[in-house]
Every structure is written in C-alpha cells, then in structure tokens.
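This is run_36.tsv (TSV, C-alpha atoms).
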chain	number	residue	atom	x	y	z
V	15	MET	CA	-1.32	37.56	97.37
V	16	LYS	CA	0.48	39.74	94.87
V	17	LEU	CA	-1.60	41.46	92.23
V	18	SER	CA	0.35	39.86	89.40
V	19	THR	CA	-0.20	36.36	90.87
V	20	CYS	CA	-3.87	37.14	91.24
V	21	ILE	CA	-4.13	38.25	87.60
V	22	VAL	CA	-2.33	35.09	86.42
V	23	LEU	CA	-4.72	32.91	88.46
V	24	ILE	CA	-7.78	34.69	87.08
V	25	ALA	CA	-6.38	34.32	83.56
V	26	PHE	CA	-5.93	30.56	84.09
V	27	MET	CA	-9.46	30.27	85.47
V	28	LEU	CA	-10.88	32.15	82.50
V	29	ALA	CA	-8.84	30.04	80.10
V	30	GLY	CA	-10.13	26.91	81.82
V	31	PHE	CA	-13.70	28.12	81.64
V	32	SER	CA	-13.28	29.05	77.98
V	33	SER	CA	-11.83	25.63	77.24
V	34	LEU	CA	-14.66	23.87	79.08
V	35	HIS	CA	-17.19	25.98	77.23
V	36	ALA	CA	-15.59	25.13	73.87
V	37	GLN	CA	-15.69	21.42	74.72
V	38	HIS	CA	-19.29	21.58	75.77
V	39	TYR	CA	-20.50	20.79	72.27
V	40	TYR	CA	-18.92	17.61	71.04
V	41	ARG	CA	-21.49	15.79	68.93
V	42	ILE	CA	-23.90	16.56	66.15
V	43	GLU	CA	-26.11	14.36	64.00
V	44	CYS	CA	-28.74	15.20	61.41
V	45	ASP	CA	-30.60	13.97	58.37
V	46	ILE	CA	-28.82	15.29	55.32
V	47	SER	CA	-29.82	15.82	51.73
V	48	ILE	CA	-27.34	16.86	49.06
V	49	LYS	CA	-28.56	17.98	45.66
V	50	ASN	CA	-26.05	18.69	42.92
V	51	LYS	CA	-26.66	19.84	39.39
V	52	VAL	CA	-24.69	21.39	36.59
V	53	ALA	CA	-26.98	23.71	34.62
V	54	GLY	CA	-28.54	21.85	31.72
V	55	GLU	CA	-27.33	18.41	32.84
V	56	ASP	CA	-28.81	15.59	34.92
V	57	GLY	CA	-28.56	16.09	38.66
V	58	MET	CA	-27.56	13.97	41.64
V	59	LEU	CA	-29.31	13.39	44.95
V	60	VAL	CA	-27.87	11.88	48.12
V	61	LEU	CA	-30.01	11.20	51.20
V	62	GLY	CA	-28.85	9.90	54.55
V	63	ARG	CA	-27.93	10.76	58.11
V	64	ALA	CA	-24.67	12.34	59.19
V	65	TYR	CA	-22.86	11.86	62.51
V	66	TYR	CA	-19.88	13.80	63.83
V	67	ASP	CA	-18.09	13.31	67.12
V	68	LYS	CA	-15.28	15.75	67.84
V	69	VAL	CA	-13.45	13.31	70.10
V	70	ALA	CA	-13.69	10.35	67.72
V	71	GLY	CA	-12.75	12.74	64.90
V	72	LYS	CA	-14.95	11.01	62.34
V	73	VAL	CA	-17.70	12.26	60.07
V	74	VAL	CA	-19.96	9.32	59.25
V	75	PHE	CA	-22.62	9.40	56.54
V	76	ASP	CA	-25.19	6.63	56.71
V	77	ILE	CA	-26.45	6.89	53.12
V	78	ARG	CA	-29.82	5.45	52.10
V	79	PHE	CA	-30.04	6.86	48.56
V	80	PRO	CA	-28.90	6.24	45.87
V	81	GLU	CA	-27.17	3.19	47.38
V	82	LYS	CA	-27.11	1.86	50.94
V	83	GLU	CA	-23.58	2.79	51.99
V	84	VAL	CA	-21.67	4.17	54.94
V	85	TRP	CA	-19.06	6.84	54.26
V	86	VAL	CA	-16.50	7.52	56.96
V	87	ILE	CA	-14.25	10.56	56.78
V	88	GLU	CA	-11.40	10.42	59.24
V	89	ASP	CA	-8.61	12.96	59.02
V	90	THR	CA	-7.97	13.02	55.26
V	91	LEU	CA	-9.16	9.50	54.49
V	92	VAL	CA	-12.53	8.43	53.17
V	93	SER	CA	-13.71	4.85	53.55
V	94	VAL	CA	-16.83	3.55	51.90
V	95	TYR	CA	-18.58	0.52	53.37
V	96	LYS	CA	-21.07	-1.30	51.20
V	97	ASP	CA	-22.55	-4.78	51.57
V	98	GLY	CA	-20.37	-5.40	54.61
V	99	GLU	CA	-17.07	-4.60	52.90
V	100	THR	CA	-14.78	-1.60	52.54
V	101	ASN	CA	-15.02	-0.61	48.93
V	102	GLN	CA	-12.64	2.29	48.68
V	103	THR	CA	-10.28	4.28	50.82
V	104	ARG	CA	-8.78	7.36	49.33
V	105	GLY	CA	-7.36	10.68	50.36
V	106	MET	CA	-9.39	13.83	50.27
V	107	GLU	CA	-8.29	17.41	50.58
V	108	GLN	CA	-10.93	18.53	53.05
V	109	TYR	CA	-9.90	17.73	56.60
V	110	THR	CA	-12.42	16.56	59.15
V	111	GLN	CA	-11.75	19.71	61.15
V	112	ALA	CA	-12.86	21.82	58.20
V	113	THR	CA	-16.32	20.28	57.92
V	114	ILE	CA	-19.33	22.39	58.68
V	115	PHE	CA	-20.15	20.09	61.59
V	116	HIS	CA	-16.85	20.86	63.29
V	117	LEU	CA	-17.25	24.60	62.65
V	118	ILE	CA	-20.75	24.54	64.17
V	119	LEU	CA	-19.63	22.70	67.32
V	120	GLU	CA	-16.59	24.95	67.74
V	121	GLY	CA	-18.64	28.11	67.20
V	122	ASP	CA	-16.37	29.02	64.27
V	123	LEU	CA	-19.02	29.01	61.56
V	124	ASN	CA	-19.48	32.79	61.70
V	125	ASN	CA	-15.96	33.29	60.32
V	126	PHE	CA	-16.18	30.19	58.11
V	127	GLY	CA	-13.25	28.72	60.05
V	128	LEU	CA	-10.88	31.18	58.38
V	129	GLN	CA	-9.49	32.61	61.63
V	130	GLY	CA	-5.97	31.31	62.16
V	131	THR	CA	-5.64	29.73	58.72
V	132	THR	CA	-3.65	30.77	55.65
V	133	TYR	CA	-6.12	33.65	55.44
V	134	THR	CA	-5.99	36.86	57.41
V	135	MET	CA	-8.67	39.48	57.99
V	136	ASP	CA	-8.20	42.43	55.65
V	137	ALA	CA	-11.26	44.65	55.99
V	138	VAL	CA	-14.56	44.76	57.85
V	139	ARG	CA	-17.50	46.93	56.86
V	140	ARG	CA	-21.20	47.16	57.57
V	141	ASP	CA	-23.85	47.32	54.87
V	142	GLU	CA	-27.22	47.79	56.57
V	143	GLU	CA	-27.74	44.72	58.81
V	144	MET	CA	-24.90	42.80	57.14
V	145	VAL	CA	-21.30	42.78	58.38
V	146	ILE	CA	-18.92	41.95	55.55
V	147	THR	CA	-15.38	40.74	56.19
V	148	THR	CA	-12.78	40.41	53.48
V	149	TRP	CA	-10.09	37.78	53.99
V	150	VAL	CA	-6.86	37.76	52.04
V	151	PRO	CA	-4.33	34.94	51.75
V	152	ARG	CA	-1.17	35.36	53.79
V	153	PRO	CA	2.02	36.12	51.82
V	154	GLY	CA	3.31	33.06	49.97
V	155	ASN	CA	-0.14	31.90	48.88
V	156	GLN	CA	-0.34	33.73	45.57
V	157	ALA	CA	-2.46	30.98	44.02
V	158	LEU	CA	-5.33	31.75	46.41
V	159	GLY	CA	-7.89	34.49	45.97
V	160	LYS	CA	-9.82	36.65	48.42
V	161	ILE	CA	-12.77	35.33	50.41
V	162	HIS	CA	-15.60	37.57	51.56
V	163	THR	CA	-17.85	36.45	54.43
V	164	SER	CA	-21.00	38.14	55.63
V	165	THR	CA	-22.84	37.78	58.89
V	166	ILE	CA	-26.29	38.91	59.99
V	167	ASP	CA	-26.92	39.11	63.73
V	168	GLY	CA	-23.64	37.27	64.26
V	169	ALA	CA	-24.61	34.26	62.12
V	170	LEU	CA	-22.83	33.42	58.88
V	171	HIS	CA	-24.98	34.53	55.96
V	172	GLY	CA	-22.80	34.14	52.89
V	173	VAL	CA	-19.35	33.38	51.53
V	174	VAL	CA	-17.95	34.61	48.22
V	175	PHE	CA	-14.84	33.01	46.76
V	176	GLU	CA	-12.56	34.78	44.30
V	177	ASN	CA	-9.69	33.34	42.33
V	178	ALA	CA	-6.24	34.91	42.43
V	179	ALA	CA	-7.21	37.20	39.52
V	180	GLY	CA	-10.12	38.62	41.53
V	181	LYS	CA	-12.87	36.86	39.60
V	182	VAL	CA	-15.78	35.47	41.64
V	183	ILE	CA	-15.73	31.67	41.29
V	184	GLY	CA	-18.31	30.65	43.85
V	185	ARG	CA	-20.91	31.77	46.35
V	186	GLN	CA	-22.50	30.09	49.37
V	187	LEU	CA	-25.54	31.12	51.36
V	188	PHE	CA	-26.33	29.76	54.84
V	189	ARG	CA	-30.03	29.96	55.68
V	190	ASP	CA	-32.87	29.04	58.01
V	191	TYR	CA	-30.90	29.05	61.23
V	192	GLN	CA	-32.26	27.00	64.09
V	193	THR	CA	-31.06	27.35	67.67
V	194	ILE	CA	-30.44	23.94	69.21
V	195	ARG	CA	-29.11	23.76	72.77
V	196	GLY	CA	-27.79	27.27	72.32
V	197	LEU	CA	-26.01	26.54	69.04
V	198	GLN	CA	-26.95	28.26	65.80
V	199	VAL	CA	-27.26	25.67	63.03
V	200	PRO	CA	-28.20	26.50	59.42
V	201	LYS	CA	-30.78	24.15	57.95
V	202	GLU	CA	-29.80	24.91	54.38
V	203	ILE	CA	-26.65	25.78	52.46
V	204	ILE	CA	-26.93	26.85	48.84
V	205	GLN	CA	-23.79	27.10	46.77
V	206	VAL	CA	-23.04	28.04	43.20
V	207	PHE	CA	-19.76	27.50	41.42
V	208	TYR	CA	-19.13	29.43	38.24
V	209	ARG	CA	-17.34	27.06	35.93
V	210	GLU	CA	-16.21	28.03	32.45
V	211	GLU	CA	-18.75	25.81	30.74
V	212	ALA	CA	-21.74	26.14	33.09
V	213	GLU	CA	-22.86	27.02	36.59
V	214	GLU	CA	-22.90	24.21	39.16
V	215	TYR	CA	-25.47	24.26	41.96
V	216	GLN	CA	-25.35	22.36	45.22
V	217	VAL	CA	-27.88	22.47	48.04
V	218	TYR	CA	-27.34	20.87	51.45
V	219	SER	CA	-30.37	20.48	53.72
V	220	PHE	CA	-30.14	19.44	57.36
V	221	SER	CA	-33.07	18.28	59.49
V	222	ASN	CA	-33.76	16.34	62.71
V	223	ILE	CA	-30.63	17.89	64.15
V	224	ARG	CA	-29.39	16.61	67.51
V	225	ILE	CA	-26.55	18.09	69.53
V	226	ASN	CA	-24.63	16.02	72.12
V	227	TYR	CA	-26.96	13.04	71.73
V	228	GLU	CA	-25.94	10.10	73.92
V	229	GLY	CA	-26.69	7.20	71.65
V	230	ASN	CA	-25.89	5.86	68.20
V	231	GLU	CA	-22.38	5.05	69.44
V	232	ASP	CA	-21.92	2.60	66.58
V	233	PHE	CA	-22.17	5.46	64.11
V	234	TYR	CA	-20.31	8.14	66.04
V	235	ASN	CA	-17.30	5.88	66.27
V	236	TYR	CA	-17.91	3.70	63.26
V	237	ARG	CA	-15.45	0.83	62.95
V	238	GLY	CA	-17.00	-1.04	60.04
V	239	PRO	CA	-20.08	-3.19	59.53
V	240	GLY	CA	-20.92	-5.28	62.59
V	241	ARG	CA	-17.90	-4.04	64.62
V	242	ARG	CA	-18.38	-2.35	67.97
D	16	MET	CA	0.58	69.03	41.91
D	17	ARG	CA	0.63	66.25	39.34
D	18	LYS	CA	1.60	63.75	42.07
D	19	THR	CA	-1.36	64.93	44.16
D	20	HIS	CA	-3.71	64.28	41.23
D	21	ILE	CA	-2.34	60.77	40.76
D	22	LEU	CA	-2.67	60.13	44.49
D	23	LEU	CA	-6.29	61.34	44.44
D	24	ILE	CA	-7.10	59.08	41.48
D	25	LEU	CA	-5.51	56.13	43.30
D	26	ILE	CA	-7.53	56.87	46.44
D	27	VAL	CA	-10.76	57.04	44.40
D	28	PHE	CA	-9.92	53.69	42.75
D	29	ALA	CA	-9.08	52.16	46.12
D	30	ALA	CA	-12.39	53.41	47.53
D	31	ALA	CA	-14.20	51.92	44.54
D	32	GLN	CA	-12.49	48.58	45.19
D	33	THR	CA	-13.56	48.64	48.85
D	34	GLN	CA	-17.07	49.61	47.82
D	35	ALA	CA	-17.19	46.47	45.66
D	36	ALA	CA	-17.55	44.28	48.77
D	37	ASP	CA	-21.18	45.11	49.48
D	38	ARG	CA	-24.33	43.11	50.17
D	39	SER	CA	-25.07	42.61	46.46
D	40	MET	CA	-22.06	40.26	46.33
D	41	PHE	CA	-24.07	37.76	48.36
D	42	HIS	CA	-27.04	37.66	46.05
D	43	LEU	CA	-27.97	34.41	44.30
D	44	ASP	CA	-30.55	33.90	41.59
D	45	GLU	CA	-32.52	31.48	43.75
D	46	ALA	CA	-35.47	31.25	41.37
D	47	ARG	CA	-33.14	29.95	38.68
D	48	ILE	CA	-31.50	27.49	41.09
D	49	GLN	CA	-34.89	26.15	42.22
D	50	THR	CA	-35.95	25.73	38.58
D	51	GLU	CA	-32.79	23.73	37.90
D	52	LEU	CA	-33.35	21.61	41.02
D	53	GLU	CA	-37.08	21.06	40.54
D	54	GLY	CA	-36.71	17.43	39.43
D	55	LEU	CA	-34.38	16.63	42.34
D	56	ASN	CA	-36.77	18.29	44.82
D	57	GLN	CA	-39.63	16.13	43.52
D	58	LEU	CA	-37.49	13.01	43.83
D	59	GLU	CA	-36.47	13.98	47.38
D	60	ASP	CA	-40.09	14.57	48.42
D	61	TYR	CA	-41.06	11.20	46.99
D	62	LEU	CA	-38.24	9.36	48.76
D	63	LEU	CA	-38.96	11.04	52.09
D	64	THR	CA	-42.57	9.91	52.03
D	65	SER	CA	-42.04	6.36	50.80
D	66	ASP	CA	-39.82	3.35	51.31
D	67	ALA	CA	-38.72	3.43	47.68
D	68	THR	CA	-35.15	2.55	46.80
D	69	LEU	CA	-33.13	3.13	43.69
D	70	ALA	CA	-33.56	-0.54	42.78
D	71	SER	CA	-37.35	-0.48	43.13
D	72	MET	CA	-37.65	2.79	41.22
D	73	THR	CA	-35.37	1.56	38.47
D	74	GLU	CA	-37.40	-1.63	38.21
D	75	GLU	CA	-40.61	0.30	37.65
D	76	ASN	CA	-38.79	2.76	35.37
D	77	HIS	CA	-39.97	5.64	37.55
D	78	PHE	CA	-40.28	8.97	35.76
D	79	LEU	CA	-38.54	10.82	38.64
D	80	LEU	CA	-35.30	9.07	37.75
D	81	SER	CA	-35.37	10.33	34.16
D	82	HIS	CA	-33.11	13.31	34.81
D	83	VAL	CA	-31.06	11.94	37.69
D	84	ARG	CA	-27.58	10.51	37.68
D	85	THR	CA	-27.41	7.52	39.98
D	86	GLY	CA	-24.67	5.25	41.25
D	87	SER	CA	-22.61	4.82	44.35
D	88	ALA	CA	-19.90	7.24	43.22
D	89	ASN	CA	-22.22	10.21	43.72
D	90	LEU	CA	-20.94	11.23	47.13
D	91	GLY	CA	-17.40	10.94	45.84
D	92	LEU	CA	-18.23	13.32	43.04
D	93	LEU	CA	-19.90	15.72	45.46
D	94	MET	CA	-16.80	15.78	47.62
D	95	GLY	CA	-14.42	16.15	44.71
D	96	LEU	CA	-12.87	12.76	45.38
D	97	ASN	CA	-12.76	11.79	41.75
D	98	GLU	CA	-10.49	14.65	40.79
D	99	PRO	CA	-7.31	13.52	39.01
D	100	PRO	CA	-4.03	13.93	40.94
D	101	LEU	CA	-3.08	17.60	41.42
D	102	GLY	CA	-6.00	18.51	39.17
D	103	ILE	CA	-3.92	17.53	36.11
D	104	SER	CA	-5.71	15.43	33.49
D	105	SER	CA	-5.10	11.71	34.00
D	106	PHE	CA	-4.55	11.40	30.25
D	107	LEU	CA	-1.65	13.87	30.53
D	108	TRP	CA	-0.15	11.94	33.46
D	109	GLY	CA	-0.02	8.82	31.29
D	110	PHE	CA	0.94	10.70	28.12
D	111	CYS	CA	3.87	12.62	29.62
D	112	LEU	CA	5.20	10.18	32.23
D	113	GLY	CA	4.21	6.85	30.72
D	114	LEU	CA	4.06	3.96	33.17
D	115	PRO	CA	5.12	6.04	36.21
D	116	GLY	CA	2.29	8.49	35.37
D	117	LEU	CA	-0.12	5.58	35.10
D	118	ALA	CA	1.05	4.32	38.49
D	119	ILE	CA	0.60	7.77	40.07
D	120	VAL	CA	-3.00	8.00	38.84
D	121	TYR	CA	-3.69	4.39	39.89
D	122	PHE	CA	-2.47	4.90	43.46
D	123	VAL	CA	-3.49	8.53	44.05
D	124	ALA	CA	-6.86	8.78	42.30
D	125	ASP	CA	-7.82	5.17	43.05
D	126	ASP	CA	-10.49	5.45	40.37
D	127	SER	CA	-10.87	3.02	37.48
D	128	ASP	CA	-12.11	5.69	35.03
D	129	GLU	CA	-9.17	7.98	35.78
D	130	THR	CA	-6.76	5.04	35.53
D	131	ARG	CA	-8.25	4.13	32.14
D	132	LYS	CA	-7.70	7.70	30.92
D	133	ALA	CA	-4.11	7.54	32.13
D	134	LEU	CA	-3.68	4.21	30.30
D	135	TRP	CA	-4.91	5.78	27.06
D	136	GLY	CA	-2.52	8.66	27.65
D	137	CYS	CA	0.27	6.16	28.19
D	138	VAL	CA	-0.60	4.35	24.93
D	139	ALA	CA	-0.88	7.61	22.98
D	140	GLY	CA	2.42	8.84	24.41
D	141	GLY	CA	4.08	5.51	23.55
D	142	LEU	CA	2.76	5.60	19.98
D	143	LEU	CA	3.89	9.19	19.49
D	144	TYR	CA	7.32	8.33	20.89
D	145	THR	CA	7.57	5.35	18.53
D	146	VAL	CA	6.54	7.42	15.50
D	147	VAL	CA	9.01	10.19	16.36
D	148	TYR	CA	11.79	7.70	17.10
D	149	VAL	CA	11.24	5.73	13.86
D	150	GLY	CA	10.98	8.98	11.85
D	151	TRP	CA	14.15	10.35	13.41
D	152	TRP	CA	15.95	7.02	12.81
D	153	ALA	CA	14.82	6.99	9.16
D	154	LEU	CA	16.03	10.57	8.67
D	155	TRP	CA	19.34	9.82	10.36
D	156	SER	CA	19.83	6.68	8.23
D	157	THR	CA	19.08	8.62	5.05
D	158	ALA	CA	21.51	11.36	6.04
D	159	THR	CA	24.22	8.81	6.87
D	160	VAL	CA	23.87	7.03	3.49
D	161	TYR	CA	24.41	10.23	1.52

Show how you would write the structure in this file as structure tokens.
Amino acid sequence: MKLSTCIVLIAFMLAGFSSLHAQHYYRIECDISIKNKVAGEDGMLVLGRAYYDKVAGKVVFDIRFPEKEVWVIEDTLVSVYKDGETNQTRGMEQYTQATIFHLILEGDLNNFGLQGTTYTMDAVRRDEEMVITTWVPRPGNQALGKIHTSTIDGALHGVVFENAAGKVIGRQLFRDYQTIRGLQVPKEIIQVFYREEAEEYQVYSFSNIRINYEGNEDFYNYRGPGRR
Amino acid sequence: MRKTHILLILIVFAAAQTQAADRSMFHLDEARIQTELEGLNQLEDYLLTSDATLASMTEENHFLLSHVRTGSANLGLLMGLNEPPLGISSFLWGFCLGLPGLAIVYFVADDSDETRKALWGCVAGGLLYTVVYVGWWALWSTATVY
C-alpha cells in the first residue's frame, strides 16, 4: 500500500472516530431555575425541567412556576403549550444550536461556541491560572463588539461582552462545574447586563443533570399535549 | 527620530490595550447580586420544599410574592421574545408607517402590548398628519385668496 493511501485511510479513520466521539453525547436534561432582576425593581423566577435532544433539535422547558406551561424551542421558533393548547408561536433570535445545552454536548462551551462564527480569535494570553481569549467580529460586522472569554483548567469561566465602541455591556460567569459521564457541566451561570438605566441580573441554576438518559421520550421530542 | 517617538507611543498604547484584557475583567460584585436576588432565593427555596403554586400563594397573599413579577410571559421576557421588531419602538413603527407599521408589529412581535403601542403610534401619527395637512391647506387657501 502506498504511503499516501495509508495516510488518507488513517485520516478517514480518525475523522470517523472524531465524529463518533462528537455524537456520543446527544441528550441532556436538568432541573432549571432562572432568576431575573433589574436593580431596584421586582424580580422574576422560573422553575422547571429542561430537555434537549440533539437529534430531535428541540429544547423543551417543562415549567412548573409561575404557570404550568411547556415551552418548545425548535430552530428559531418558540411554542408555548398551556392548558392543552398552543398559546403562542413566535420567532426568536437565539438558535437551538446556540443554547448552552448544545454547547455542552458538543464540547464547545469552553470557547462559548464562538469558533467558526462571525467572530474570530484575536489574542490569547494567560493571567495566572486563567487563559483569556479575545474574539473580534469578522470584517463586515461593524455593529458587533469584542467578546472576551476566559477558561480555567480548560473549562469556561467567564465571558465579557463589549459593544462596538468598546464599552463593556455584559458579563457572564460559569461556576460549580460537575463532571457527568465525562462532560463538564456548570451548575450555575451568573450574568449581568449594564443597561443605561440600571444593571440587570440573571442567574441560571441547573441540578439533577442527566446526560444521554433513555427515557422521557415525550419531552425530548415533544409534539404537544397528549401527542406521542 | 520624531517618527520613532510616535511609533514608541503607539506601541505603549497598544500594550496598554492588550493589558486591559486581564482577570479583573471577569470580576462580578456577587455580594450585591445576591442582595438583589435575596427575595427570589427565598421564594425558590420555599417552592422547592413545598407543593405550593402561584395560585395557592396568591390566594393566601404570601409575603414571598410581594416583590415578584408573575405571569406566563416571564420566560418570554427572559429570552427577549417580547422585544419589538428590529429593536425599534413599536410606537415608532405605528407612528412612522401607519397601518403597515401596525401590521409589522402585529405579525412579527405577536404581542398584544407591543401591538397596542403600535396602534397608539398609528393614531398619533394620523392625528399629526391631519393637523399638518389641515394647517397646510388653510395656509395655502389663505395665500390663494390674497
């Protein structure tokens, strides 16, 4: 066998292995709590359980508080099911593939999913145990600002968002990592947005996390109340 | 020589810019955040250890609901779903584009509050147009007579 043929075969095998490895994690579910508050105003609390199946391509929130509802995000559409009926379906900017659940399963959380997007890596530096990467928008995206990500021991620690003028408009911290079936999953995300009038805080907490759980099919591929 | 000085100054400024991306960028005032979220944390703890619902808590006028916004639109707000189209005020859509603007908000935002704002914008725009049109007509008539 020629050397070049051999190299091509090995490359294909490695690519196949890499692909299999990437597909190994395909499901995640967890209890979720979302707390939101603008400084000085009343806050909001949402409690429920979230389900994401990479193949089905749906993020499903089974909400228990404040109202019993099921939210289904599929591609760019959000459907809300309440009392056995679809209440609303509307477009949203955040794609399913950009959710934290997808990033965790794909192993892309450490770069915040920025690799291969409209952002490109500009600089990498180490500050003690923290590795800080600065991402800049590709040419033609003047409206976007820089994003800085930091990792500690390879896990995403923080994200800082700037506007096009270089002003910091938001920060996120990813904390309390738990290793589940070899995947690093943060149990808490704290974010602050600096609005002109006041700061806005949002805290996501994840618990009872299951990876690749074979069950709850009705939620992973939710088709509406009572439909299987 | 002068060019070298300018170049050195630029390099120092560039270094200062790079230096700006350090670990302090990722610091949050967590004590302040926890103080702000104290009421929500208490409510969460209560809900996780009881079978209480919003309806039952509202019925007993529970003190933990005193500083909490409730309602089924919460998740929508958290996900930014209730933003007006293109981030432009719904009032302006109605005010500037009239009925087409109202239709855009109705179909894109799919939110009754945003549609209402667009309707008010539409009404305000219509009134302003009427006032300007009548005023211009009156002026034109006056100028024609003399």

Distance filter 6 Å, all atoms listed in the file, chain D against chain V, as a ChimeraX atom specification: /D:41,69,82-84,87

Which residues are near region 42-59 of chain D? Cut-off 6 Å, only C-alpha atoms, ignore same chain within fewer than 3 positions. Put them as a PDB file with C-alpha atoms, in the frame of the given file.
ATOM      1  CA  SER D  39     -25.070  42.610  46.460  1.00  0.00           C
ATOM      2  CA  LEU D  62     -38.240   9.360  48.760  1.00  0.00           C
ATOM      3  CA  LEU D  79     -38.540  10.820  38.640  1.00  0.00           C
TER       4      LEU D  79
END

Grab the CA of Gly71 (chain V) to CA of Ile46 (chain V) distance for me, in Å with one decimal place. 18.9 Å

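Reported to one decimal place, the separation of CA of Ala178 (chain V) from CA of Ala157 (chain V) is 5.7 Å.
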
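Compared by their closest atoms to Cys44 (chain V), and using all atoms listed in the file, the residues V:Phe126, V:Tyr208, V:Trp149, V:Phe115 rank with V:Phe115 nearest.
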
Using all atoms listed in the file, which of D:Trp151, D:Ala70, D:Glu75, D:Phe106 sits nearest Val138 (chain D)? D:Phe106

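Between CA of Asn222 (chain V) and CA of Glu88 (chain V) the separation is 23.4 Å.
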
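Considering the residues V:Gln156, V:Asp45, V:Asp67, V:Met135 and counting all atoms listed in the file, Glu228 (chain V) has its shortest atom-to-atom contact with V:Asp67.
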
Just give me the residues with any atom within 12 Å of (5.1, 7.0, 34.1), file coordinates, counting all atoms listed in the file, written as a PyMOL selection string. chain D and resi 105-121+133-134+136-138+140-141

Neighbours of Asp122 (chain V) within 12 Å (all atoms listed in the file; same-chain residues fewer than 3 positions away dropped), as a VMD selection string? chain V and resid 36 111 to 119 125 to 130 168 to 170 197 to 199

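Using all atoms listed in the file, the residues found no farther than 10 Å from Lys181 (chain V), other than those of its own chain fewer than 3 positions away, are Gly159, Lys160, Phe175, Glu176, Asn177, Ala178, Gly184 and Tyr208 of chain V.
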